[in-house]
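Data file: protein_1.cif. Format and content: mmCIF, C-alpha atoms and all ligand atoms.
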```cif
data_entry
loop_
_atom_site.label_atom_id
_atom_site.label_comp_id
_atom_site.auth_asym_id
_atom_site.auth_seq_id
_atom_site.Cartn_x
_atom_site.Cartn_y
_atom_site.Cartn_z
CA MET B 1 -28.96 24.05 7.30
CA SER B 2 -26.44 24.24 4.47
CA THR B 3 -27.20 23.55 0.81
CA HIS B 4 -26.62 19.78 0.98
CA ILE B 5 -26.73 19.01 4.74
CA ALA B 6 -29.93 19.51 6.73
CA ALA B 7 -28.34 19.94 10.17
CA ALA B 8 -29.03 22.83 12.52
CA SER B 9 -26.04 24.69 13.90
CA GLY B 10 -24.38 22.61 16.66
CA GLU B 11 -25.83 19.28 15.51
CA ILE B 12 -22.57 18.13 13.91
CA ALA B 13 -19.52 17.26 16.03
CA GLU B 14 -16.07 18.76 15.45
CA THR B 15 -14.79 15.27 14.58
CA VAL B 16 -16.39 13.60 11.55
CA LEU B 17 -15.79 10.19 9.98
CA LEU B 18 -16.41 10.17 6.22
CA PRO B 19 -17.39 6.92 4.50
CA GLY B 20 -18.33 7.21 0.82
CA ASP B 21 -21.44 5.06 1.20
CA PRO B 22 -24.24 6.65 3.27
CA LEU B 23 -25.43 3.21 4.41
CA ARG B 24 -21.98 2.65 5.86
CA ALA B 25 -22.38 5.95 7.72
CA GLU B 26 -25.58 4.54 9.21
CA TRP B 27 -23.87 1.24 10.05
CA ILE B 28 -20.95 2.99 11.79
CA ALA B 29 -23.29 5.23 13.80
CA LYS B 30 -25.58 2.39 14.87
CA THR B 31 -22.75 -0.08 15.59
CA TYR B 32 -20.29 2.12 17.48
CA LEU B 33 -21.97 5.31 18.72
CA ASP B 34 -24.29 5.95 21.67
CA ASP B 35 -27.19 8.45 21.72
CA VAL B 36 -27.29 8.59 17.91
CA THR B 37 -29.35 11.13 15.99
CA CYS B 38 -29.64 11.39 12.21
CA TYR B 39 -29.11 15.06 11.31
CA SER B 40 -29.48 14.88 7.54
CA GLN B 41 -31.14 12.77 4.86
CA VAL B 42 -30.77 15.20 1.96
CA ARG B 43 -30.32 13.15 -1.26
CA ASN B 44 -30.08 10.09 1.04
CA MET B 45 -26.54 11.19 1.90
CA LEU B 46 -27.06 10.31 5.55
CA GLY B 47 -25.31 12.04 8.45
CA PHE B 48 -25.37 11.04 12.13
CA THR B 49 -24.05 12.36 15.43
CA GLY B 50 -23.50 10.33 18.59
CA THR B 51 -20.89 9.69 21.24
CA TYR B 52 -17.97 7.28 21.31
CA ARG B 53 -16.54 6.69 24.80
CA GLY B 54 -18.17 9.95 25.84
CA GLU B 55 -16.82 12.04 22.92
CA ARG B 56 -19.13 13.57 20.31
CA ILE B 57 -18.48 12.16 16.85
CA SER B 58 -20.37 12.55 13.59
CA VAL B 59 -20.42 10.28 10.56
CA GLN B 60 -21.26 11.77 7.16
CA GLY B 61 -21.62 9.95 3.82
CA THR B 62 -19.73 11.70 1.02
CA GLY B 63 -20.53 9.84 -2.20
CA MET B 64 -17.80 8.84 -4.63
CA GLY B 65 -15.23 11.11 -6.26
CA GLN B 66 -13.72 14.49 -5.50
CA PRO B 67 -16.63 16.68 -6.68
CA SER B 68 -19.01 14.82 -4.37
CA ILE B 69 -16.81 14.68 -1.25
CA SER B 70 -15.86 18.34 -1.81
CA ILE B 71 -19.46 19.44 -1.42
CA TYR B 72 -19.91 17.71 1.94
CA VAL B 73 -16.46 18.53 3.29
CA HIS B 74 -16.74 22.20 2.27
CA GLU B 75 -20.07 22.53 4.08
CA LEU B 76 -18.81 20.65 7.17
CA LEU B 77 -15.82 23.01 7.38
CA ALA B 78 -17.36 26.30 6.26
CA GLU B 79 -20.80 26.03 7.85
CA TYR B 80 -20.56 23.57 10.74
CA GLY B 81 -17.08 24.20 12.17
CA ALA B 82 -15.70 20.68 11.65
CA LYS B 83 -12.08 20.44 12.82
CA THR B 84 -11.05 16.79 12.33
CA LEU B 85 -12.10 14.79 9.27
CA VAL B 86 -11.23 11.15 8.68
CA ARG B 87 -12.17 9.42 5.45
CA VAL B 88 -12.77 5.69 5.93
CA GLY B 89 -12.88 4.09 2.51
CA SER B 90 -11.51 1.46 0.19
CA CYS B 91 -8.67 1.54 -2.31
CA GLY B 92 -6.99 -0.52 -4.99
CA GLY B 93 -3.41 -1.60 -4.20
CA LEU B 94 -0.80 -0.43 -6.74
CA LEU B 95 2.13 -2.36 -5.24
CA ALA B 96 2.15 -6.15 -5.05
CA ASP B 97 2.70 -6.15 -1.27
CA VAL B 98 -0.17 -3.73 -0.62
CA ALA B 99 -2.36 -6.78 -0.32
CA ILE B 100 -6.13 -7.08 -0.11
CA ARG B 101 -7.44 -6.50 3.45
CA ASP B 102 -4.37 -4.37 4.38
CA LEU B 103 -4.86 -0.84 5.68
CA VAL B 104 -3.45 2.13 3.76
CA VAL B 105 -2.92 5.53 5.39
CA GLY B 106 -2.45 8.23 2.75
CA ILE B 107 0.16 10.69 3.98
CA SER B 108 -0.14 12.53 0.67
CA ALA B 109 -2.47 12.27 -2.30
CA ALA B 110 -1.51 12.91 -5.92
CA THR B 111 -4.36 13.29 -8.37
CA ASP B 112 -5.40 13.37 -12.03
CA SER B 113 -8.33 15.63 -11.15
CA SER B 114 -8.57 19.10 -12.65
CA MET B 115 -10.01 20.47 -9.39
CA ASN B 116 -6.66 21.48 -7.90
CA ALA B 117 -5.25 22.37 -11.31
CA LEU B 118 -8.02 24.99 -11.51
CA ARG B 119 -7.59 26.08 -7.89
CA PHE B 120 -3.78 26.42 -8.07
CA GLU B 121 -3.41 27.56 -11.65
CA GLY B 122 0.30 27.45 -12.52
CA PHE B 123 1.64 25.11 -9.86
CA HIS B 124 1.06 21.63 -8.47
CA TYR B 125 -0.18 21.57 -4.89
CA ALA B 126 0.72 18.53 -2.74
CA PRO B 127 -2.35 17.53 -0.70
CA THR B 128 -1.07 16.21 2.63
CA ALA B 129 -2.61 14.46 5.63
CA ASP B 130 -2.38 15.83 9.17
CA PHE B 131 0.64 14.26 10.86
CA SER B 132 -0.88 14.06 14.35
CA LEU B 133 -3.79 12.03 12.97
CA VAL B 134 -1.49 9.76 10.98
CA ARG B 135 0.68 9.18 14.05
CA ALA B 136 -2.34 8.42 16.26
CA TYR B 137 -3.75 6.00 13.67
CA VAL B 138 -0.42 4.23 13.20
CA GLU B 139 -0.04 3.81 16.97
CA LYS B 140 -3.46 2.16 17.16
CA ALA B 141 -2.80 -0.04 14.11
CA GLU B 142 0.55 -1.08 15.54
CA ALA B 143 -0.97 -1.94 18.93
CA ALA B 144 -3.70 -3.99 17.23
CA GLY B 145 -1.16 -5.91 15.14
CA ALA B 146 -2.86 -4.78 11.92
CA ARG B 147 -1.13 -4.92 8.54
CA TYR B 148 -0.82 -1.31 7.39
CA HIS B 149 1.11 0.90 4.95
CA VAL B 150 1.74 4.64 5.15
CA GLY B 151 2.66 6.63 2.06
CA GLN B 152 1.44 8.40 -1.04
CA ILE B 153 -1.89 7.48 -2.56
CA PHE B 154 -3.50 8.52 -5.85
CA SER B 155 -6.95 10.12 -6.02
CA THR B 156 -8.31 9.44 -9.48
CA ASP B 157 -11.37 10.84 -11.21
CA VAL B 158 -11.57 7.76 -13.45
CA PHE B 159 -12.49 4.39 -11.89
CA TYR B 160 -12.65 2.59 -15.25
CA HIS B 161 -9.29 3.69 -16.57
CA ASP B 162 -8.20 2.93 -20.15
CA ARG B 163 -4.55 3.90 -19.58
CA PRO B 164 -2.79 0.93 -17.94
CA GLU B 165 0.57 2.59 -18.62
CA LEU B 166 -0.36 5.38 -16.20
CA ARG B 167 -1.12 2.80 -13.50
CA ASP B 168 2.28 1.17 -14.17
CA ARG B 169 3.98 4.55 -13.76
CA LEU B 170 2.36 5.05 -10.36
CA THR B 171 3.53 1.57 -9.32
CA GLN B 172 7.04 2.37 -10.54
CA TYR B 173 7.10 5.54 -8.45
CA GLY B 174 5.98 3.76 -5.28
CA VAL B 175 2.44 5.08 -4.98
CA LEU B 176 0.69 2.67 -2.61
CA ALA B 177 -2.89 2.67 -3.80
CA VAL B 178 -5.61 4.36 -5.82
CA GLU B 179 -8.86 5.76 -4.46
CA MET B 180 -11.05 8.71 -5.44
CA GLU B 181 -11.39 11.32 -2.67
CA ALA B 182 -8.35 12.03 -0.47
CA ALA B 183 -6.74 14.83 -2.52
CA ALA B 184 -9.87 16.98 -2.28
CA LEU B 185 -10.30 16.21 1.43
CA TYR B 186 -6.71 17.21 2.27
CA THR B 187 -6.86 20.37 0.17
CA LEU B 188 -10.09 21.61 1.73
CA ALA B 189 -8.95 20.77 5.27
CA ALA B 190 -5.82 22.86 4.67
CA LYS B 191 -7.90 25.76 3.32
CA PHE B 192 -10.04 25.80 6.48
CA ASP B 193 -7.19 25.10 8.94
CA ALA B 194 -8.59 21.70 9.93
CA ARG B 195 -7.01 18.25 10.29
CA ALA B 196 -7.68 15.46 7.79
CA MET B 197 -6.58 11.92 7.04
CA ALA B 198 -7.76 9.19 4.69
CA VAL B 199 -7.51 5.54 5.69
CA CYS B 200 -8.56 2.82 3.30
CA THR B 201 -8.80 -0.94 3.27
CA VAL B 202 -7.41 -2.58 0.15
CA SER B 203 -10.43 -4.05 -1.66
CA ASP B 204 -8.55 -5.03 -4.83
CA ASN B 205 -4.99 -5.12 -6.09
CA LEU B 206 -4.36 -3.81 -9.58
CA VAL B 207 -1.01 -5.62 -9.90
CA THR B 208 -1.96 -9.09 -8.65
CA GLY B 209 -5.63 -8.96 -9.67
CA GLU B 210 -6.77 -10.13 -6.21
CA GLU B 211 -10.15 -8.93 -4.91
CA THR B 212 -11.86 -9.16 -1.53
CA SER B 213 -15.20 -10.89 -1.05
CA ALA B 214 -18.16 -8.92 0.31
CA ASP B 215 -17.68 -10.65 3.70
CA GLU B 216 -14.01 -9.71 3.86
CA ARG B 217 -14.79 -6.13 2.88
CA GLU B 218 -17.23 -5.85 5.78
CA ARG B 219 -14.78 -7.30 8.30
CA THR B 220 -11.81 -5.17 7.25
CA PHE B 221 -14.03 -2.08 7.06
CA ALA B 222 -15.03 -2.68 10.71
CA GLU B 223 -11.40 -3.03 11.81
CA MET B 224 -10.43 0.20 10.00
CA VAL B 225 -13.32 2.11 11.57
CA GLU B 226 -12.58 0.83 15.08
CA LEU B 227 -8.97 2.00 14.78
CA ALA B 228 -10.14 5.38 13.44
CA LEU B 229 -12.55 5.87 16.34
CA ASP B 230 -9.80 4.95 18.80
CA ALA B 231 -7.33 7.29 17.08
CA VAL B 232 -9.63 10.34 17.08
CA SER B 233 -10.88 9.81 20.64
CA ALA B 234 -7.45 9.08 22.18
N1 LIG M 1 -11.38 2.06 -4.65
C1 LIG M 1 -11.24 0.74 -4.46
N2 LIG M 1 -10.65 0.17 -5.51
C2 LIG M 1 -10.40 1.17 -6.39
C3 LIG M 1 -9.81 1.22 -7.64
N3 LIG M 1 -9.36 0.09 -8.20
N4 LIG M 1 -9.74 2.40 -8.27
C4 LIG M 1 -10.21 3.50 -7.69
N5 LIG M 1 -10.78 3.53 -6.49
C5 LIG M 1 -10.87 2.38 -5.85
#
```
For the file at hand, write its structure as structure tokens.
Ligand code: ADE
Amino acid sequence: MSTHIAAASGEIAETVLLPGDPLRAEWIAKTYLDDVTCYSQVRNMLGFTGTYRGERISVQGTGMGQPSISIYVHELLAEYGAKTLVRVGSCGGLLADVAIRDLVVGISAATDSSMNALRFEGFHYAPTADFSLVRAYVEKAEAAGARYHVGQIFSTDVFYHDRPELRDRLTQYGVLAVEMEAAALYTLAAKFDARAMAVCTVSDNLVTGEETSADERERTFAEMVELALDAVSA
């Protein structure tokens, strides 16, 4: 058991899907995995292991924001030997054509967080996804005829921003979408020589003001997860 995950050694698979919401972790495990066991309920941040087409896969809730996901990802990497981590989340589109329900694959993640500023005092690290995972995901998305975008995303610490000019600058510089976790995930995966990728469905668009309904969010979340499971088990 680690500080925030109550799993015994060997109970967590090398490949882990990472939704922010622990109830979504439970939904993924119960909907898509066989022989499911729940390995942790600490702070209700549920974690499950099962098999998908014969391959062991775990699903771990992470909470929202970089401090929260960093705790779970650090322990998965440092204590449980995780090797492949895929965040499955939602994001806000920053370009008009990154429309609600589209998929966004973050090949890199800029951030306003101080976490990497403290870690890399004096220079600006560029958190980057694993290319083999991105390629596998894109192949599956392409084959499924899904609408997807691949590019830079922005991991913010501030959901309720009061600086619209900053958002406009990100749009101007072609950043696809804003979410709250990928930069920390990519940085920690690099530190521990593991592979990571964040895929998100667009739940809202900050340029057009469009938002998805709860029903649409559920449907697009399912599509994103199915493609992620296919990509990591290919
Ligand atoms: N996740 C989904 N929508 C978001 C937004 N507008 N800002 C930050 N994270 C998000």
Selection as an NGL selection string: residues within 7 Å of ligand LIG 1 (chain M) by all atoms listed in the file: :B and (90-92 or 156 or 159 or 178-180 or 202-204 or 206)
Residues near segment 223-229 of chain B, cut-off 8 Å, only C-alpha atoms, skip fewer than 2 positions along chain, as a list in words: Ile28, Tyr52, Val86, Val88, Leu103, Tyr137, Lys140, Ala141, Val199, Cys200, Thr201, Arg219, Thr220, Phe221, Ala231, Val232 and Ser233 of chain B
Can you write just those residues out, C-alpha atoms, as a PDB file, keeping the file's coordinate frame?
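The file below, result-v4.pdb, is the result:
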```pdb
ATOM      1  CA  ILE B  28     -20.950   2.990  11.790  1.00  0.00           C
ATOM      2  CA  TYR B  52     -17.970   7.280  21.310  1.00  0.00           C
ATOM      3  CA  VAL B  86     -11.230  11.150   8.680  1.00  0.00           C
ATOM      4  CA  VAL B  88     -12.770   5.690   5.930  1.00  0.00           C
ATOM      5  CA  LEU B 103      -4.860  -0.840   5.680  1.00  0.00           C
ATOM      6  CA  TYR B 137      -3.750   6.000  13.670  1.00  0.00           C
ATOM      7  CA  LYS B 140      -3.460   2.160  17.160  1.00  0.00           C
ATOM      8  CA  ALA B 141      -2.800  -0.040  14.110  1.00  0.00           C
ATOM      9  CA  VAL B 199      -7.510   5.540   5.690  1.00  0.00           C
ATOM     10  CA  CYS B 200      -8.560   2.820   3.300  1.00  0.00           C
ATOM     11  CA  THR B 201      -8.800  -0.940   3.270  1.00  0.00           C
ATOM     12  CA  ARG B 219     -14.780  -7.300   8.300  1.00  0.00           C
ATOM     13  CA  THR B 220     -11.810  -5.170   7.250  1.00  0.00           C
ATOM     14  CA  PHE B 221     -14.030  -2.080   7.060  1.00  0.00           C
ATOM     15  CA  ALA B 231      -7.330   7.290  17.080  1.00  0.00           C
ATOM     16  CA  VAL B 232      -9.630  10.340  17.080  1.00  0.00           C
ATOM     17  CA  SER B 233     -10.880   9.810  20.640  1.00  0.00           C
TER      18      SER B 233
END
```
Atomic separation - atom CA of Ala184 of chain B relative to atom CA of His74 of chain B, Å: 9.8 Å
Pick from B:Asn116, B:Thr31, B:Thr3, B:Ser9, whichever lies nearest to Tyr72 of chain B using only C-alpha atoms: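 Answer, going by the shortest atom-to-atom distance: B:Thr3.
Nearest to Trp27 of chain B of all the residues B:Leu118, B:Ala144, B:Leu46, B:Ile12 is B:Leu46, counting all atoms listed in the file.
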For Val42 of chain B, the nearest of the candidates B:Met1, B:Ala234, B:Ala6, B:Leu185, counting all atoms listed in the file: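 Between B:Met1, B:Ala234, B:Ala6, B:Leu185, the residue approaching Val42 of chain B most closely is B:Ala6.
Between atom CA of His149 of chain B and atom CA of Pro19 of chain B lies a distance of 19.5 Å.
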Pick from B:Ser113, B:Gln152, B:Gln172, B:Gln41, whichever lies nearest to Gln66 of chain B using all atoms listed in the file: B:Ser113
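You can rank B:Gly209, B:Gly81, B:Gly65, B:Gly93 by their closest distance to Ser155 of chain B using all atoms listed in the file, and at the top of that list sits B:Gly65.
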